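J.: Data file target_15.tsv (TSV, C-alpha atoms) is appended below.
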chain	number	residue	atom	x	y	z
A	1	MET	CA	-16.03	23.24	159.05
A	2	GLY	CA	-17.24	22.47	155.53
A	3	GLN	CA	-16.60	25.98	154.23
A	4	HIS	CA	-13.03	25.83	155.57
A	5	HIS	CA	-12.45	22.52	153.79
A	6	ALA	CA	-13.70	24.16	150.58
A	7	ARG	CA	-11.36	27.11	151.05
A	8	VAL	CA	-8.32	24.92	151.68
A	9	TYR	CA	-9.00	22.64	148.68
A	10	SER	CA	-9.23	25.77	146.51
A	11	GLU	CA	-5.79	26.85	147.80
A	12	LEU	CA	-3.88	23.57	147.76
A	13	PRO	CA	-1.42	23.19	144.87
A	14	GLY	CA	-2.35	20.27	142.66
A	15	THR	CA	-6.04	20.20	143.64
A	16	THR	CA	-9.09	21.86	142.13
A	17	LEU	CA	-12.23	22.47	144.14
A	18	THR	CA	-14.85	21.03	141.79
A	19	GLY	CA	-18.06	21.20	143.76
A	20	VAL	CA	-19.92	21.56	147.04
A	21	THR	CA	-23.08	19.83	148.21
A	22	ASP	CA	-25.23	20.69	151.22
A	23	THR	CA	-28.79	19.95	152.33
A	24	ASP	CA	-29.04	23.72	152.80
A	25	ALA	CA	-28.91	24.72	149.11
A	26	GLU	CA	-28.49	28.42	149.89
A	27	GLN	CA	-25.50	27.74	152.14
A	28	GLY	CA	-23.97	25.28	149.68
A	29	LEU	CA	-24.35	27.69	146.76
A	30	SER	CA	-22.81	30.49	148.80
A	31	VAL	CA	-19.72	28.45	149.69
A	32	ALA	CA	-19.33	27.13	146.14
A	33	THR	CA	-19.56	30.66	144.73
A	34	ASP	CA	-17.05	32.04	147.22
A	35	TYR	CA	-14.41	29.53	146.12
A	36	GLY	CA	-15.07	29.23	142.40
A	37	ALA	CA	-16.81	25.84	142.48
A	38	THR	CA	-20.22	24.50	141.44
A	39	TYR	CA	-23.11	23.65	143.76
A	40	MET	CA	-24.25	20.08	142.98
A	41	ASN	CA	-26.36	17.31	144.42
A	42	ARG	CA	-24.41	14.53	146.12
A	43	ARG	CA	-24.61	12.01	143.27
A	44	ASP	CA	-23.35	14.48	140.66
A	45	LEU	CA	-20.59	15.65	142.98
A	46	LEU	CA	-19.33	12.13	143.62
A	47	ASP	CA	-19.34	11.45	139.86
A	48	ALA	CA	-17.14	14.52	139.34
A	49	VAL	CA	-14.43	14.27	142.04
A	50	ASP	CA	-11.52	12.07	143.08
A	51	VAL	CA	-11.50	12.99	146.79
A	52	ALA	CA	-14.10	14.44	149.14
A	53	SER	CA	-14.47	15.76	152.67
A	54	VAL	CA	-17.49	14.91	154.82
A	55	ALA	CA	-18.24	17.75	157.25
A	56	VAL	CA	-21.82	17.17	158.37
A	57	PRO	CA	-23.45	16.37	161.74
A	58	THR	CA	-22.05	13.13	163.18
A	59	ARG	CA	-25.29	11.18	162.82
A	60	PHE	CA	-24.99	11.53	159.02
A	61	HIS	CA	-21.30	10.58	158.76
A	62	ALA	CA	-21.78	6.88	158.07
A	63	ASP	CA	-24.24	7.33	155.20
A	64	ALA	CA	-22.12	10.04	153.58
A	65	VAL	CA	-18.92	8.00	153.89
A	66	GLU	CA	-20.62	4.92	152.46
A	67	SER	CA	-21.76	6.99	149.46
A	68	CYS	CA	-18.15	8.00	148.83
A	69	ILE	CA	-16.88	4.42	149.08
A	70	GLU	CA	-19.56	3.16	146.70
A	71	ALA	CA	-18.58	5.91	144.23
A	72	ASP	CA	-14.87	4.97	144.55
A	73	VAL	CA	-14.08	8.41	145.97
A	74	ASP	CA	-11.34	8.74	148.60
A	75	VAL	CA	-12.84	10.38	151.68
A	76	LEU	CA	-11.86	12.34	154.75
A	77	VAL	CA	-14.58	12.46	157.40
A	78	GLU	CA	-14.55	14.93	160.26
A	79	LYS	CA	-14.33	13.70	163.84
A	80	PRO	CA	-16.03	11.97	165.55
A	81	TYR	CA	-15.78	9.28	162.89
A	82	VAL	CA	-19.24	7.71	163.46
A	83	ASP	CA	-21.89	7.44	166.15
A	84	ASP	CA	-21.93	3.62	165.95
A	85	ARG	CA	-18.60	1.80	166.21
A	86	ASP	CA	-19.95	-1.37	164.58
A	87	ARG	CA	-20.99	0.66	161.55
A	88	GLY	CA	-17.58	2.32	161.60
A	89	ARG	CA	-15.79	-1.04	161.48
A	90	GLU	CA	-17.96	-2.11	158.55
A	91	LEU	CA	-17.16	1.08	156.65
A	92	ALA	CA	-13.44	0.54	157.28
A	93	ARG	CA	-13.76	-2.97	155.85
A	94	GLN	CA	-15.65	-1.70	152.80
A	95	ALA	CA	-13.02	0.98	152.17
A	96	ARG	CA	-10.16	-1.54	152.36
A	97	GLU	CA	-11.86	-3.94	149.96
A	98	ALA	CA	-12.67	-1.13	147.53
A	99	GLY	CA	-9.16	0.34	147.72
A	100	VAL	CA	-10.59	3.66	148.91
A	101	THR	CA	-8.53	5.89	151.21
A	102	LEU	CA	-10.50	6.63	154.39
A	103	GLN	CA	-9.05	9.21	156.77
A	104	VAL	CA	-10.63	10.69	159.90
A	105	GLY	CA	-10.23	14.39	160.65
A	106	HIS	CA	-8.49	14.46	164.01
A	107	ILE	CA	-7.00	17.81	163.13
A	108	GLU	CA	-4.74	18.33	166.17
A	109	ARG	CA	-2.47	15.54	164.90
A	110	PHE	CA	-1.54	18.06	162.20
A	111	ASN	CA	-0.91	20.96	164.56
A	112	PRO	CA	2.78	21.81	163.92
A	113	SER	CA	3.54	21.76	167.65
A	114	ILE	CA	2.13	18.21	167.99
A	115	THR	CA	4.07	17.12	164.89
A	116	VAL	CA	7.31	18.27	166.55
A	117	LEU	CA	6.28	16.68	169.86
A	118	SER	CA	5.68	13.34	168.13
A	119	ASP	CA	9.34	13.31	167.08
A	120	ILE	CA	10.51	14.09	170.64
A	121	VAL	CA	8.43	11.66	172.70
A	122	PRO	CA	10.00	8.37	171.49
A	123	ASP	CA	13.28	9.47	173.13
A	124	LEU	CA	11.68	10.22	176.51
A	125	ASP	CA	10.91	8.13	179.58
A	126	VAL	CA	7.44	9.60	180.05
A	127	VAL	CA	6.18	9.89	183.62
A	128	SER	CA	3.02	11.94	183.07
A	129	ILE	CA	1.14	13.91	180.43
A	130	ASP	CA	-1.25	16.72	181.33
A	131	ILE	CA	-3.52	18.21	178.65
A	132	ASP	CA	-5.93	21.14	178.99
A	133	ARG	CA	-8.44	22.21	176.32
A	134	LEU	CA	-10.44	25.02	177.86
A	135	GLY	CA	-12.62	27.81	176.57
A	136	PRO	CA	-15.74	29.91	177.12
A	137	PRO	CA	-19.30	28.76	176.39
A	138	LEU	CA	-20.15	28.31	172.72
A	139	ALA	CA	-22.06	30.96	170.82
A	140	ARG	CA	-23.62	28.24	168.66
A	141	GLU	CA	-25.67	25.10	169.23
A	142	ASN	CA	-23.82	21.83	169.73
A	143	ASP	CA	-25.40	18.46	170.42
A	144	ASP	CA	-22.19	16.89	171.78
A	145	ASN	CA	-21.03	17.04	175.39
A	146	VAL	CA	-17.58	18.41	176.16
A	147	VAL	CA	-15.97	14.95	176.07
A	148	MET	CA	-17.17	14.08	172.57
A	149	ASP	CA	-16.71	17.61	171.25
A	150	LEU	CA	-13.41	18.70	172.83
A	151	MET	CA	-11.69	16.01	174.89
A	152	ILE	CA	-11.77	13.62	171.93
A	153	HIS	CA	-8.95	15.68	170.35
A	154	ASP	CA	-6.68	15.16	173.33
A	155	ILE	CA	-7.55	11.51	173.84
A	156	ASP	CA	-6.47	11.03	170.22
A	157	ILE	CA	-3.19	12.86	170.89
A	158	LEU	CA	-2.64	10.88	174.09
A	159	LEU	CA	-3.15	7.50	172.43
A	160	SER	CA	-0.83	8.50	169.59
A	161	LEU	CA	1.95	9.48	172.03
A	162	VAL	CA	1.83	6.74	174.67
A	163	GLU	CA	2.67	3.16	173.87
A	164	GLY	CA	0.88	0.47	175.81
A	165	ASP	CA	-2.65	-0.12	177.01
A	166	ILE	CA	-4.83	1.82	179.43
A	167	GLU	CA	-4.70	-0.02	182.75
A	168	SER	CA	-7.12	2.18	184.65
A	169	LEU	CA	-9.39	5.09	183.83
A	170	SER	CA	-11.57	7.45	185.86
A	171	ALA	CA	-13.54	10.56	184.96
A	172	VAL	CA	-15.69	13.20	186.61
A	173	ALA	CA	-17.71	16.12	185.25
A	174	ARG	CA	-19.15	19.38	186.52
A	175	ASP	CA	-21.90	19.03	183.93
A	176	ASP	CA	-21.80	18.39	180.19
A	177	ARG	CA	-19.54	21.44	179.79
A	178	HIS	CA	-16.56	20.56	182.04
A	179	ALA	CA	-14.91	17.17	182.51
A	180	THR	CA	-11.62	15.67	183.68
A	181	ALA	CA	-10.30	12.17	182.95
A	182	GLN	CA	-7.34	10.38	184.53
A	183	PHE	CA	-5.47	7.58	182.80
A	184	GLU	CA	-2.88	5.05	183.94
A	185	PHE	CA	-1.06	3.01	181.30
A	186	ASP	CA	0.56	-0.37	181.71
A	187	THR	CA	3.89	1.34	180.94
A	188	GLY	CA	3.56	3.23	184.22
A	189	ALA	CA	2.79	6.58	182.56
A	190	VAL	CA	-0.16	8.57	183.90
A	191	SER	CA	-2.20	11.37	182.38
A	192	THR	CA	-4.82	13.94	183.31
A	193	VAL	CA	-6.96	15.43	180.53
A	194	THR	CA	-9.38	18.31	181.14
A	195	ALA	CA	-11.86	19.81	178.70
A	196	SER	CA	-14.12	22.75	179.44
A	197	ARG	CA	-16.61	25.13	177.88
A	198	LEU	CA	-16.84	27.11	181.12
A	199	THR	CA	-13.41	28.76	181.20
A	200	GLN	CA	-13.19	32.45	180.35
A	201	GLN	CA	-9.80	31.95	178.73
A	202	LYS	CA	-8.96	29.88	175.68
A	203	VAL	CA	-6.28	27.33	176.62
A	204	ARG	CA	-4.78	24.52	174.51
A	205	THR	CA	-1.74	23.21	176.39
A	206	LEU	CA	0.08	19.92	176.86
A	207	SER	CA	2.87	19.22	179.35
A	208	ILE	CA	5.03	16.12	179.65
A	209	THR	CA	7.06	15.24	182.72
A	210	ALA	CA	9.85	12.84	181.80
A	211	GLU	CA	12.82	11.44	183.71
A	212	SER	CA	15.21	13.79	181.91
A	213	CYS	CA	13.14	16.89	181.16
A	214	ARG	CA	9.81	18.68	181.06
A	215	VAL	CA	8.17	19.52	177.74
A	216	ASN	CA	5.59	22.29	177.42
A	217	VAL	CA	3.45	22.65	174.30
A	218	ASP	CA	1.17	25.54	173.39
A	219	MET	CA	-1.13	24.33	170.61
A	220	ILE	CA	-2.54	27.81	170.00
A	221	GLY	CA	0.83	29.57	169.82
A	222	GLN	CA	2.33	26.46	168.14
A	223	THR	CA	5.41	26.42	170.37
A	224	VAL	CA	7.41	23.69	172.12
A	225	GLU	CA	9.80	24.20	175.06
A	226	ILE	CA	12.05	21.54	176.59
A	227	HIS	CA	13.37	22.28	180.10
A	228	ARG	CA	16.50	20.31	180.98
A	229	ARG	CA	19.10	20.14	183.73
A	230	SER	CA	17.46	22.15	186.47
A	231	LEU	CA	20.26	23.42	188.72
A	232	PRO	CA	19.19	24.38	192.26
A	233	GLU	CA	21.47	26.74	194.17
A	234	TYR	CA	21.57	29.21	197.03
A	235	VAL	CA	22.53	32.77	196.09
A	236	GLU	CA	23.66	35.52	198.43
A	237	ALA	CA	22.55	39.04	197.52
A	238	ASP	CA	22.83	42.07	199.83
A	239	GLY	CA	23.30	39.79	202.78
A	240	ASP	CA	20.19	37.74	202.02
A	241	ILE	CA	20.29	34.08	201.06
A	242	ARG	CA	17.88	33.16	198.31
A	243	TYR	CA	17.08	29.86	196.61
A	244	ARG	CA	16.71	29.65	192.87
A	245	HIS	CA	16.53	27.18	190.04
A	246	GLU	CA	18.12	27.64	186.65
A	247	SER	CA	17.53	25.35	183.71
A	248	VAL	CA	18.47	25.01	180.09
A	249	VAL	CA	15.49	25.66	177.83
A	250	GLU	CA	15.46	24.29	174.28
A	251	ARG	CA	12.98	25.62	171.75
A	252	PRO	CA	12.77	23.28	168.75
A	253	MET	CA	11.91	24.88	165.43
A	254	VAL	CA	8.18	24.67	164.75
A	255	GLU	CA	7.11	25.51	161.22
A	256	ASN	CA	3.90	27.35	161.98
A	257	GLY	CA	0.99	26.73	159.66
A	258	GLU	CA	-2.71	25.97	159.42
A	259	PRO	CA	-3.44	22.46	160.74
A	260	LEU	CA	-6.39	21.99	158.34
A	261	LYS	CA	-4.17	22.72	155.36
A	262	ALA	CA	-1.60	20.19	156.60
A	263	GLU	CA	-4.36	17.65	157.22
A	264	LEU	CA	-5.95	17.94	153.78
A	265	SER	CA	-2.56	17.99	152.05
A	266	SER	CA	-1.62	14.77	153.87
A	267	PHE	CA	-4.97	13.23	152.91
A	268	VAL	CA	-4.56	14.12	149.23
A	269	ASP	CA	-1.02	12.68	149.23
A	270	ALA	CA	-2.26	9.42	150.77
A	271	ALA	CA	-5.07	9.21	148.22
A	272	GLU	CA	-2.76	9.91	145.27
A	273	ASN	CA	-0.04	7.49	146.40
A	274	GLY	CA	-2.25	4.76	147.87
A	275	THR	CA	-0.48	5.01	151.23
A	276	GLU	CA	-2.01	4.68	154.70
A	277	PRO	CA	-3.33	7.98	156.05
A	278	LEU	CA	-1.91	9.35	159.28
A	279	VAL	CA	-5.26	8.92	161.08
A	280	THR	CA	-6.99	5.72	159.98
A	281	ALA	CA	-10.53	4.57	160.67
A	282	GLU	CA	-9.07	2.01	163.10
A	283	ASP	CA	-7.26	4.80	164.98
A	284	ALA	CA	-10.51	6.74	165.22
A	285	LEU	CA	-12.41	3.68	166.47
A	286	ASP	CA	-9.83	3.19	169.25
A	287	VAL	CA	-10.33	6.82	170.25
A	288	LEU	CA	-14.12	6.47	170.19
A	289	GLU	CA	-13.98	3.45	172.46
A	290	VAL	CA	-12.03	5.41	175.07
A	291	VAL	CA	-14.25	8.50	174.65
A	292	GLU	CA	-17.34	6.38	175.29
A	293	ARG	CA	-15.74	4.92	178.43
A	294	VAL	CA	-14.99	8.44	179.69
A	295	GLU	CA	-18.55	9.57	178.89
A	296	GLY	CA	-19.97	6.61	180.82
A	297	MET	CA	-18.01	7.60	183.93
A	298	ALA	CA	-18.36	11.38	183.63
A	299	PHE	CA	-22.07	11.34	182.74
A	300	PRO	CA	-23.57	8.23	184.35
A	301	PRO	CA	-27.25	7.65	183.63
A	302	VAL	CA	-29.59	9.01	186.26
A	303	PRO	CA	-31.65	6.15	187.77
A	304	GLU	CA	-35.36	6.50	187.44
A	305	VAL	CA	-37.26	7.07	190.66
A	306	THR	CA	-40.45	5.07	191.00
A	307	ARG	CA	-43.01	6.44	193.42
A	308	PRO	CA	-44.80	3.84	195.55
As structure tokens - that is how I would like this structure written.
T.:
Amino acid sequence: MGQHHARVYSELPGTTLTGVTDTDAEQGLSVATDYGATYMNRRDLLDAVDVASVAVPTRFHADAVESCIEADVDVLVEKPYVDDRDRGRELARQAREAGVTLQVGHIERFNPSITVLSDIVPDLDVVSIDIDRLGPPLARENDDNVVMDLMIHDIDILLSLVEGDIESLSAVARDDRHATAQFEFDTGAVSTVTASRLTQQKVRTLSITAESCRVNVDMIGQTVEIHRRSLPEYVEADGDIRYRHESVVERPMVENGEPLKAELSSFVDAAENGTEPLVTAEDALDVLEVVERVEGMAFPPVPEVTRP
């Protein structure tokens, strides 16, 4: 993801990509050269910039974020925020006291289809939300299971859409590549979220059943459809009686665009204006807590067997 952050910063109006740092000097130099920046060590980079993105393996997030805070550099850190929630809370406190903007990169919040959906949901009496994030096996190494790597996106979306607390939660997994979680909220809304790296089709869909309509979202195609007023009727044709449903379908305007560009633009605006970012460290910690609960149910520890 780091090279994509570099590309977007080089394209955003009002920002200049100053430098890139990476423990792999060859990779860092290559990315810096591609986008007209300088390859630097971390200390020199933080002395030279106003804002920075952290796109490194999760186990290094906390140290990198702390370096940014200590250098008074506003920082966006990729998801998952941290691998230790206590450390994450401490970093959030440090950022607040230092007046440093700290945003977490839950990129699907900036998907144009989810942005439109967020404006629609407050007017709905939500009954259920179903989310699928499916795809084929990865062609690269990844240390995270499918819940931490993929489902975390949709748990973030779910918590941003549904008011109230989770009343009950269950989860099952095929292995670390396919998992389903079911949620019930104290508002009465329910949800099923599935994430998979075993599906030979890339799917990113969200459907809401509400009292007055059904909303279908395609996060890949960046489309939203609202189905209202389903009208059942019997129709006679050539002597045969057939049953059909007709409904009114609304398609709200979705301004298609790159979610990463929207995310980094929002981050830069928050940093410049001193406003709260759309996805705060506290938001990310709430998501991590739920993700860890799902992991505990989907991937329970295997008891050790002691031979007599």
J.: I'd like the neighbourhood of region 142-156 of chain A as a PDB file with C-alpha atoms, in the coordinates of the input, where a residue qualifies if any of its atoms comes within 6 Å (using only C-alpha atoms), though same-chain residues fewer than 6 positions away should be ignored.
T.:
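Okay, this is what ended up in around_10.pdb:
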ATOM      1  CA  ASP A 176     -21.800  18.390 180.190  1.00  0.00           C
ATOM      2  CA  ARG A 177     -19.540  21.440 179.790  1.00  0.00           C
ATOM      3  CA  ALA A 195     -11.860  19.810 178.700  1.00  0.00           C
ATOM      4  CA  VAL A 287     -10.330   6.820 170.250  1.00  0.00           C
TER       5      VAL A 287
END
J.: Determine the nearest neighbour of Pro259 (chain A) from the options A:Leu161, A:Leu134, A:Ile114, A:Ile166, counting all atoms listed in the file.
T.: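 Under the stated criterion, the closest residue is A:Ile114.
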J.: Name the residues in contact with Val104 (chain A) at a cut-off of 6 Å, using all atoms listed in the file, excluding same-chain residues fewer than 6 positions from it; report them as a ChimeraX atom specification.
T.: /A:76-78,279
J.: If I take CA of Glu211 (chain A) and CA of Ile107 (chain A), how far is one from the other in Å, to one decimal?
T.: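 Atom-to-atom, CA of Glu211 (chain A) and CA of Ile107 (chain A) are spaced 29.3 Å apart.
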J.: Which polymer residues have any atom within 10 Å of an atom of Glu70 (chain A), counting all atoms listed in the file, with same-chain residues fewer than 5 positions away left out, as a list in words?
T.: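 Those residues are Leu46, Val65, Gln94, Ala95, Ala98 and Val100 of chain A.
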J.: Which value, in Å to one decimal, gives the distance between CA of Ser10 (chain A) and CA of Thr38 (chain A)?
T.: 12.2 Å
J.: Quick one: distance from CA of Arg229 (chain A) to CA of Ala210 (chain A) in Å, one decimal?
T.: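 Value for the CA of Arg229 (chain A)-CA of Ala210 (chain A) distance: 11.9 Å.
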J.: Of the candidates A:Ala270, A:Val217, A:Leu198, A:Ala173, which shows the shortest atom-to-atom distance to Val75 (chain A), using only C-alpha atoms?
T.: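 Closest to Val75 (chain A) of all the choices is A:Ala270.
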J.: Could you check which of A:Ala271, A:Val162, A:Leu278, A:Val56 is closest to Gly2 (chain A), using only C-alpha atoms?
T.: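 Closest candidate: A:Val56.
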J.: Pick the closest to Ile208 (chain A) from A:Ser30, A:Ser128, A:Ser67, A:Thr187: which is it, counting all atoms listed in the file?
T.: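 Closest to Ile208 (chain A), using all atoms listed in the file: A:Ser128.
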J.: Kindly indicate which residue among A:Arg109, A:Leu117, A:Gln182, A:Val203 lies nearest to Arg133 (chain A), using only C-alpha atoms for the distances.
T.: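 Among the listed residues, the smallest separation from Arg133 (chain A) belongs to A:Val203.
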